[in-house]
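Chemist: First the structure, which I've put down as structure tokens, then a few questions once you've had a look.
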Amino acid sequence: MSIVKINALTVPAEQREVLERRFASRAGAVESSDGFEWFELLRPVEGTDQYLVYTRWRSEEDFQAWMEGPMKAAHQGGGGADGAGGAERPKPAASASTVWSFEVVQQAAPKKG
């Protein structure tokens, strides 16, 4: 079965809009990766300042390949079109990040009736 990676991002209230805008602008960045199955950005409603970034993958190997390839390249980009650092990297919106890993052992979908 699939594996799930949840990145818990601590985001100060004044940075929430920045974080959501950055995720919206990256639309499509992970969707074409081999083994990718699902993505959700979960906004906290009450009781926490942590956003959850939920991704589901076919295997740990597929996730690691994405981490070492497209994800690493996207997070190390220098901002300039030529990659030479023409623009300064923006300050991170999150003040902390923790990645949780899970294996899917059961799942269910709505019954079709």
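FYI, nothing fancy with the structure tokens labels: chains A, B, ... in order, residues from 1 per chain, ligands from 1 as they appear.
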Fewer than 3 positions away in the same chain doesn't count, so skip those; otherwise give me all residues within 12 Å of A:Arg26, counting only C-alpha atoms, as a list of chain:residue names.
Modeler: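 The filter keeps A:Leu19, A:Glu20, A:Arg21, A:Arg22, A:Phe23, A:Ala29, A:Val30, A:Glu31, A:Phe39, A:Leu41, A:Pro70, A:Met71, A:Ala74, A:His75.
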Chemist: Atoms to include: all heavy atoms. Write the selected residues as a short mmCIF file (atom, residue, chain, number, x, y, z; two decimals), in the first residue's frame.
Modeler:
data_model
loop_
_atom_site.label_atom_id
_atom_site.label_comp_id
_atom_site.auth_asym_id
_atom_site.auth_seq_id
_atom_site.Cartn_x
_atom_site.Cartn_y
_atom_site.Cartn_z
N LEU A 19 2.31 31.84 3.09
CA LEU A 19 2.46 30.40 2.89
C LEU A 19 1.45 29.88 1.87
O LEU A 19 1.82 29.16 0.93
CB LEU A 19 2.27 29.65 4.22
CG LEU A 19 2.40 28.13 4.07
CD1 LEU A 19 3.85 27.70 4.21
CD2 LEU A 19 1.53 27.42 5.06
N GLU A 20 0.19 30.24 2.02
CA GLU A 20 -0.84 29.76 1.10
C GLU A 20 -0.60 30.25 -0.32
O GLU A 20 -0.78 29.50 -1.29
CB GLU A 20 -2.22 30.17 1.60
CG GLU A 20 -2.60 29.43 2.87
CD GLU A 20 -3.98 29.80 3.40
OE1 GLU A 20 -4.84 30.26 2.60
OE2 GLU A 20 -4.21 29.63 4.61
N ARG A 21 -0.15 31.48 -0.46
CA ARG A 21 0.15 32.02 -1.79
C ARG A 21 1.32 31.25 -2.43
O ARG A 21 1.29 30.92 -3.61
CB ARG A 21 0.46 33.52 -1.68
CG ARG A 21 0.49 34.24 -2.99
CD ARG A 21 0.58 35.76 -2.84
NE ARG A 21 1.54 36.22 -1.85
CZ ARG A 21 1.20 36.86 -0.72
NH1 ARG A 21 -0.05 37.12 -0.43
NH2 ARG A 21 2.15 37.25 0.13
N ARG A 22 2.33 30.94 -1.64
CA ARG A 22 3.47 30.20 -2.18
C ARG A 22 3.07 28.80 -2.62
O ARG A 22 3.52 28.32 -3.66
CB ARG A 22 4.60 30.13 -1.15
CG ARG A 22 5.30 31.46 -0.98
CD ARG A 22 6.41 31.39 0.03
NE ARG A 22 6.99 32.70 0.23
CZ ARG A 22 7.82 32.98 1.22
NH1 ARG A 22 8.18 32.04 2.08
NH2 ARG A 22 8.30 34.20 1.35
N PHE A 23 2.22 28.13 -1.83
CA PHE A 23 1.77 26.81 -2.25
C PHE A 23 0.91 26.90 -3.50
O PHE A 23 1.01 26.06 -4.39
CB PHE A 23 1.03 26.09 -1.12
CG PHE A 23 1.92 25.25 -0.26
CD1 PHE A 23 2.50 25.77 0.87
CD2 PHE A 23 2.22 23.93 -0.61
CE1 PHE A 23 3.35 25.01 1.66
CE2 PHE A 23 3.07 23.16 0.15
CZ PHE A 23 3.63 23.70 1.30
N ALA A 29 3.84 21.37 -9.32
CA ALA A 29 5.24 21.04 -9.09
C ALA A 29 5.47 19.59 -8.69
O ALA A 29 6.50 19.01 -9.01
CB ALA A 29 5.83 21.97 -8.03
N VAL A 30 4.53 18.97 -8.01
CA VAL A 30 4.72 17.59 -7.55
C VAL A 30 3.84 16.61 -8.33
O VAL A 30 4.15 15.43 -8.42
CB VAL A 30 4.44 17.48 -6.02
CG1 VAL A 30 2.97 17.66 -5.70
CG2 VAL A 30 4.93 16.17 -5.45
N GLU A 31 2.78 17.10 -8.92
CA GLU A 31 1.76 16.25 -9.52
C GLU A 31 2.26 15.33 -10.63
O GLU A 31 1.70 14.27 -10.85
CB GLU A 31 0.59 17.09 -10.04
CG GLU A 31 -0.29 17.64 -8.95
CD GLU A 31 0.18 18.98 -8.40
OE1 GLU A 31 1.40 19.29 -8.45
OE2 GLU A 31 -0.67 19.74 -7.91
N PHE A 39 -2.07 15.23 -2.82
CA PHE A 39 -1.55 16.38 -2.06
C PHE A 39 -2.71 17.13 -1.45
O PHE A 39 -3.76 17.30 -2.10
CB PHE A 39 -0.78 17.33 -3.00
CG PHE A 39 -0.62 18.72 -2.42
CD1 PHE A 39 0.43 19.01 -1.55
CD2 PHE A 39 -1.53 19.72 -2.73
CE1 PHE A 39 0.55 20.28 -1.00
CE2 PHE A 39 -1.40 20.99 -2.19
CZ PHE A 39 -0.35 21.27 -1.33
N LEU A 41 -3.04 20.75 1.30
CA LEU A 41 -2.53 21.72 2.26
C LEU A 41 -3.68 21.98 3.23
O LEU A 41 -4.75 22.44 2.82
CB LEU A 41 -2.11 23.02 1.56
CG LEU A 41 -1.65 24.15 2.49
CD1 LEU A 41 -0.42 23.74 3.30
CD2 LEU A 41 -1.39 25.42 1.70
N PRO A 70 13.25 16.89 -7.89
CA PRO A 70 12.46 18.11 -8.07
C PRO A 70 12.30 18.97 -6.82
O PRO A 70 12.41 20.19 -6.88
CB PRO A 70 11.10 17.59 -8.55
CG PRO A 70 11.40 16.26 -9.15
CD PRO A 70 12.56 15.70 -8.39
N MET A 71 12.05 18.35 -5.66
CA MET A 71 11.85 19.13 -4.44
C MET A 71 13.13 19.86 -4.05
O MET A 71 13.12 21.04 -3.73
CB MET A 71 11.37 18.24 -3.30
CG MET A 71 10.83 19.00 -2.09
SD MET A 71 12.01 19.84 -1.01
CE MET A 71 12.92 18.46 -0.35
N ALA A 74 13.77 22.78 -6.37
CA ALA A 74 12.84 23.88 -6.15
C ALA A 74 13.21 24.69 -4.90
O ALA A 74 13.09 25.91 -4.89
CB ALA A 74 11.41 23.35 -6.03
N HIS A 75 13.66 24.01 -3.85
CA HIS A 75 13.99 24.70 -2.62
C HIS A 75 15.39 25.29 -2.60
O HIS A 75 15.70 26.10 -1.74
CB HIS A 75 13.78 23.77 -1.41
CG HIS A 75 12.34 23.58 -1.08
ND1 HIS A 75 11.55 22.67 -1.74
CD2 HIS A 75 11.55 24.19 -0.18
CE1 HIS A 75 10.32 22.74 -1.25
NE2 HIS A 75 10.29 23.65 -0.30
#
Chemist: Could you give me the residues within stretch 3-96 of chain A that DSSP places in strand (DSSP E), as an mmCIF file with N, CA and C atoms, in the first residue's frame?
Modeler:
data_model
loop_
_atom_site.group_PDB
_atom_site.id
_atom_site.type_symbol
_atom_site.label_atom_id
_atom_site.label_comp_id
_atom_site.auth_asym_id
_atom_site.auth_seq_id
_atom_site.Cartn_x
_atom_site.Cartn_y
_atom_site.Cartn_z
ATOM 1 N N ILE A 3 2.387 5.130 1.007
ATOM 2 C CA ILE A 3 2.933 5.773 2.194
ATOM 3 C C ILE A 3 2.458 7.225 2.205
ATOM 4 N N VAL A 4 2.373 7.790 3.401
ATOM 5 C CA VAL A 4 1.927 9.164 3.586
ATOM 6 C C VAL A 4 3.028 9.938 4.288
ATOM 7 N N LYS A 5 3.282 11.133 3.809
ATOM 8 C CA LYS A 5 4.212 12.057 4.449
ATOM 9 C C LYS A 5 3.417 13.297 4.821
ATOM 10 N N ILE A 6 3.505 13.685 6.090
ATOM 11 C CA ILE A 6 2.837 14.885 6.566
ATOM 12 C C ILE A 6 3.902 15.817 7.108
ATOM 13 N N ASN A 7 3.993 16.995 6.510
ATOM 14 C CA ASN A 7 4.927 18.012 6.970
ATOM 15 C C ASN A 7 4.136 18.987 7.823
ATOM 16 N N ALA A 8 4.422 19.024 9.121
ATOM 17 C CA ALA A 8 3.761 19.946 10.045
ATOM 18 C C ALA A 8 4.576 21.234 10.083
ATOM 19 N N LEU A 9 3.986 22.304 9.555
ATOM 20 C CA LEU A 9 4.664 23.596 9.457
ATOM 21 C C LEU A 9 4.098 24.565 10.485
ATOM 22 N N THR A 10 4.929 25.061 11.365
ATOM 23 C CA THR A 10 4.505 26.092 12.314
ATOM 24 C C THR A 10 4.552 27.424 11.586
ATOM 25 N N PHE A 36 3.675 9.774 -7.291
ATOM 26 C CA PHE A 36 2.851 10.713 -6.543
ATOM 27 C C PHE A 36 1.384 10.315 -6.659
ATOM 28 N N GLU A 37 0.646 10.353 -5.534
ATOM 29 C CA GLU A 37 -0.769 9.984 -5.535
ATOM 30 C C GLU A 37 -1.710 11.093 -5.061
ATOM 31 N N TRP A 38 -1.283 11.941 -4.100
ATOM 32 C CA TRP A 38 -2.223 12.922 -3.566
ATOM 33 C C TRP A 38 -1.486 14.026 -2.824
ATOM 34 N N PHE A 39 -2.065 15.228 -2.818
ATOM 35 C CA PHE A 39 -1.551 16.378 -2.064
ATOM 36 C C PHE A 39 -2.714 17.131 -1.451
ATOM 37 N N GLU A 40 -2.531 17.601 -0.223
ATOM 38 C CA GLU A 40 -3.468 18.524 0.412
ATOM 39 C C GLU A 40 -2.687 19.462 1.331
ATOM 40 N N LEU A 41 -3.042 20.750 1.299
ATOM 41 C CA LEU A 41 -2.535 21.720 2.260
ATOM 42 C C LEU A 41 -3.677 21.983 3.226
ATOM 43 N N LEU A 42 -3.463 21.682 4.507
ATOM 44 C CA LEU A 42 -4.508 21.803 5.515
ATOM 45 C C LEU A 42 -4.237 23.012 6.409
ATOM 46 N N GLN A 50 -0.175 25.239 13.340
ATOM 47 C CA GLN A 50 0.492 24.340 12.396
ATOM 48 C C GLN A 50 -0.387 24.023 11.191
ATOM 49 N N TYR A 51 0.171 24.283 10.019
ATOM 50 C CA TYR A 51 -0.410 23.812 8.769
ATOM 51 C C TYR A 51 0.098 22.391 8.565
ATOM 52 N N LEU A 52 -0.687 21.553 7.907
ATOM 53 C CA LEU A 52 -0.242 20.212 7.558
ATOM 54 C C LEU A 52 -0.190 20.098 6.042
ATOM 55 N N VAL A 53 0.949 19.649 5.546
ATOM 56 C CA VAL A 53 1.126 19.394 4.118
ATOM 57 C C VAL A 53 1.094 17.877 3.962
ATOM 58 N N TYR A 54 0.001 17.383 3.382
ATOM 59 C CA TYR A 54 -0.240 15.941 3.265
ATOM 60 C C TYR A 54 0.094 15.502 1.843
ATOM 61 N N THR A 55 0.993 14.534 1.720
ATOM 62 C CA THR A 55 1.234 13.916 0.411
ATOM 63 C C THR A 55 1.188 12.407 0.570
ATOM 64 N N ARG A 56 0.686 11.740 -0.458
ATOM 65 C CA ARG A 56 0.633 10.273 -0.480
ATOM 66 C C ARG A 56 1.415 9.800 -1.695
ATOM 67 N N TRP A 57 2.212 8.743 -1.489
ATOM 68 C CA TRP A 57 3.122 8.219 -2.507
ATOM 69 C C TRP A 57 2.958 6.722 -2.651
ATOM 70 N N ALA A 96 9.043 26.600 11.785
ATOM 71 C CA ALA A 96 9.511 25.252 12.129
ATOM 72 C C ALA A 96 8.819 24.249 11.217
#
Chemist: Output as a list of chain:residue names all residues of chain A that backbone DSSP marks as alpha helix (DSSP H).
Modeler: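 Reading the DSSP output for chain A, alpha helix (DSSP H) covers A:Arg16, A:Glu17, A:Val18, A:Leu19, A:Glu20, A:Arg21, A:Arg22, A:Phe23, A:Ala24, A:Ser25, A:Glu60, A:Glu61, A:Asp62, A:Phe63, A:Gln64, A:Ala65, A:Trp66, A:Lys72, A:Ala73, A:Ala74, A:His75, A:Gln76.
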Chemist: I'd like to know which of A:Ser25, A:Ser59, A:Thr98, A:Gln64 is closest to A:Met1, using only C-alpha atoms.
Modeler: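 With only C-alpha atoms as the atom set, the closest residue is A:Ser59.
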